[in-house]
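Chemist: Would you mind keeping the following structure in view while I ask a few things?
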Amino acid sequence: MATKRSFDYSLIIIPLLLLAILAVVQVLSSRFTVRVDLTDRKLHSLSEKSSNVLRQLDGSSLKATAFFLTDDHNREGTRDLLEQYRQNYPAFEYELVDPSKNPRLVEKYEVGSNGTIVLEYQGRETKVVSQEEESITNAIHRLAVESTSTLYFLTGHGEKTPENGFRNLSESLEGEHYLARELLLLREEKIPEDADCIVIAGVREALSEREVQLVTRYLEDGGSVLFLIDPYRRTGLEEYLRESGIGLGVDTIVDERSQVMGGDYLFPIVSDYGRHSITESIDLITFFPIARSLTINEETPGDLQINVLARTGADTWAEMDYSALGDGKTRFDPDTDNPGPLTIGAALTFGNPEDEKSGRMVIFGDSDFASDDYIDVSGNKDLIMNTFAWLTSDPSLIGIRSRDPSHTPIILTEEQTRIVFWLLIVLLPALAACAGIGVWLVSRWKR
């Protein structure tokens with residue numbers, strides 16, 4: 001007698017359920033877009049600086065018209081970048097135009113080359129001949145902020161200036177809508193009225209008493225000053241800084257673990273930052289080639305606020321013996337040298353910190369970290385550019401800048417270098433040799 005088999009409906013239900021789930025996922029994905037950047041340095045997301053600039057906009061329409069030939073390999077990458085701006089700022093609109101097919105728009109915007117991006121905001125217009133996020137963000141900032149911050153770099157005492165030692169810094173400042181000028185204070189009766197910040201970087205000879213009076217008066221009137229003071233250099237400002245709660249160490253910071261760019265122990269590494277808007281977003285280490293320490297006095301005037309910006313590690317020290325540095329025989333002497341952590345940067349606010357008209361001062365015990373040779377190393381550029389943004393009261397420019405995905409340097413400490421050496425040069429070849437010997441012995445035993 002034949003047995004009647006029951007039909008298994010699960011053979012139909014399960015495929016139908018899978019199709020229904022796929023249909024729901026397809027509908028949701030077409031209506032809602034979620035981007036997740038899994039790269040360690042967020043290379044495929046807008047930088048913090050870009051987000052801050054967009055956050056400062058008032059909600060008005062911001063439009064980008066990008067002129068790219070259809071077969072241009074940069075076209076899709078630019079589209080993806082502009083889409084990131086749109087997701088961060090809902091009032092952002094963008095359009096990609098093939099200049100060969102739209103001569104009317106080319107003539108309207110006076111576009112001269114393929115790859116040009118035209119930005120429009122509140123009736124103003126600017127062009128960017130670059131597909132880099134940094135350039136586009138800087139252009140948006142220029143549209144949003146009509147005024148320009150003017151920086152004066154003191155000269156006449158061997159200082160670093162935009163033309164001497166700070167060319168790369170000057171280009172970065174120009175990109176962020178700063179105007180950098182040189183100032184020979186010996187010829188002036190007072191600090192120029194349009195000065196938003198005075199920069200004194202790497203003086204080799206001390207300022208005259210009259211120059212010191214002009215600088216200090218400028219600070220007391222609500223001005224902003226950046227001091228970058230190298231070791232063993234007299235500035236003429238020591239007494240004023242001491243009265244303001246800052247002491248300049250007559251020393252050089254030694255960091256025996258530093259192995260930066262093939263350098264030596266006079267390249268202190270900084271990864272410890274104070275609580276301040278300048279440093280709160282910096283997530284990379286910074287380097288200060290040949291730096292001096294700063295000390296903060298416990299007793300300071302009542303209207304003065306001092307914040308530590310950067311400290312060296314606990315295994316560093318302030319070397320007091322200058323001759324030992326030259327001989328390369330420096331050793332920590334507990335009787336004369338100051339042990340780490342050591343303060344290498346500080347920010348001072350004179351008056352109410354919330355008042356944009358209060359005097360502001362930042363001081364670092366080194367000028368080389370912002371020079372042409374080192375500004376692009378790790379977090380150095382973010383640190384110096386955030387400093388200028390704070391000194392000129394422009395919070396939208398404070399933050400981490402976009403990273404170049406093609407330039408991701410790996411900088412190892414001495415301990416990490418030692419681990420890599422033993423792992424790659426010793427251990428792995430030894431394991432390979434042992435495996436080879438083992439195979440040879442087994443083959444001989446089988447014979």
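Residue names in the structure tokens use chain letters A, B, ... in the order shown, residue numbers from 1 in each chain, and ligand numbers from 1 in the order shown.
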Using DSSP on the backbone coordinates, identify all residues within region 208-398 of chain A classified as strand (DSSP E); present the result as a PyMOL selection string.
Modeler: chain A and resi 224-228+246-248+252-254+269-273+286-287+294-296+304-312+317-319+338-339+343-350+359-364
Chemist: If we count only C-alpha atoms, what is near Arg242 (chain A) at a cut-off of 10 Å, once residues fewer than 5 positions away on the same chain are taken out, given as a PyMOL selection string?
Modeler: chain A and resi 237+247-248+295-297+300
Chemist: Region 342-349 of chain A: which residues within 7 Å, counting only C-alpha atoms, same-chain residues fewer than 5 positions away excluded, as a ChimeraX atom specification?
Modeler: /A:292-295,304-312,358-365
Chemist: Write out as an MDAnalysis selection string the residues lying within 12 Å of Gln131 (chain A), counting only C-alpha atoms and excluding same-chain residues fewer than 2 positions away.
Modeler: chainID A and resid 66:68 73:82 114:118 127:129 133:137 139
Chemist: Please measure the separation of CA of Phe369 (chain A) and CA of Leu228 (chain A), giving the value in Å to one decimal.
Modeler: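 We find that CA of Phe369 (chain A) and CA of Leu228 (chain A) lie 9.4 Å from each other.
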Chemist: So, counting only C-alpha atoms, which residue among A:Val53, A:Leu241, A:Ile384, A:Leu105 is closest to Asn138 (chain A)?
Modeler: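 Residue with the minimum atom-to-atom distance to Asn138 (chain A): A:Val53.
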Chemist: Rounded to one decimal in Å, what is the spacing between CA of Ile419 (chain A) and CA of Ser258 (chain A)?
Modeler: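 Interatomic distance here is 15.1 Å.
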Chemist: For Gly351 (chain A), which of A:Asp221, A:Glu110, A:Glu256, A:Glu83 is the closest residue, counting only C-alpha atoms?
Modeler: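 Closest residue, counting only C-alpha atoms: A:Asp221.
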Chemist: Measuring atom to atom with only C-alpha atoms, identify which of A:Gly313, A:Gly379, A:Gly399, A:Gly249 is nearest to Phe287 (chain A).
Modeler: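 Counting only C-alpha atoms, the residue closest to Phe287 (chain A) is A:Gly379.
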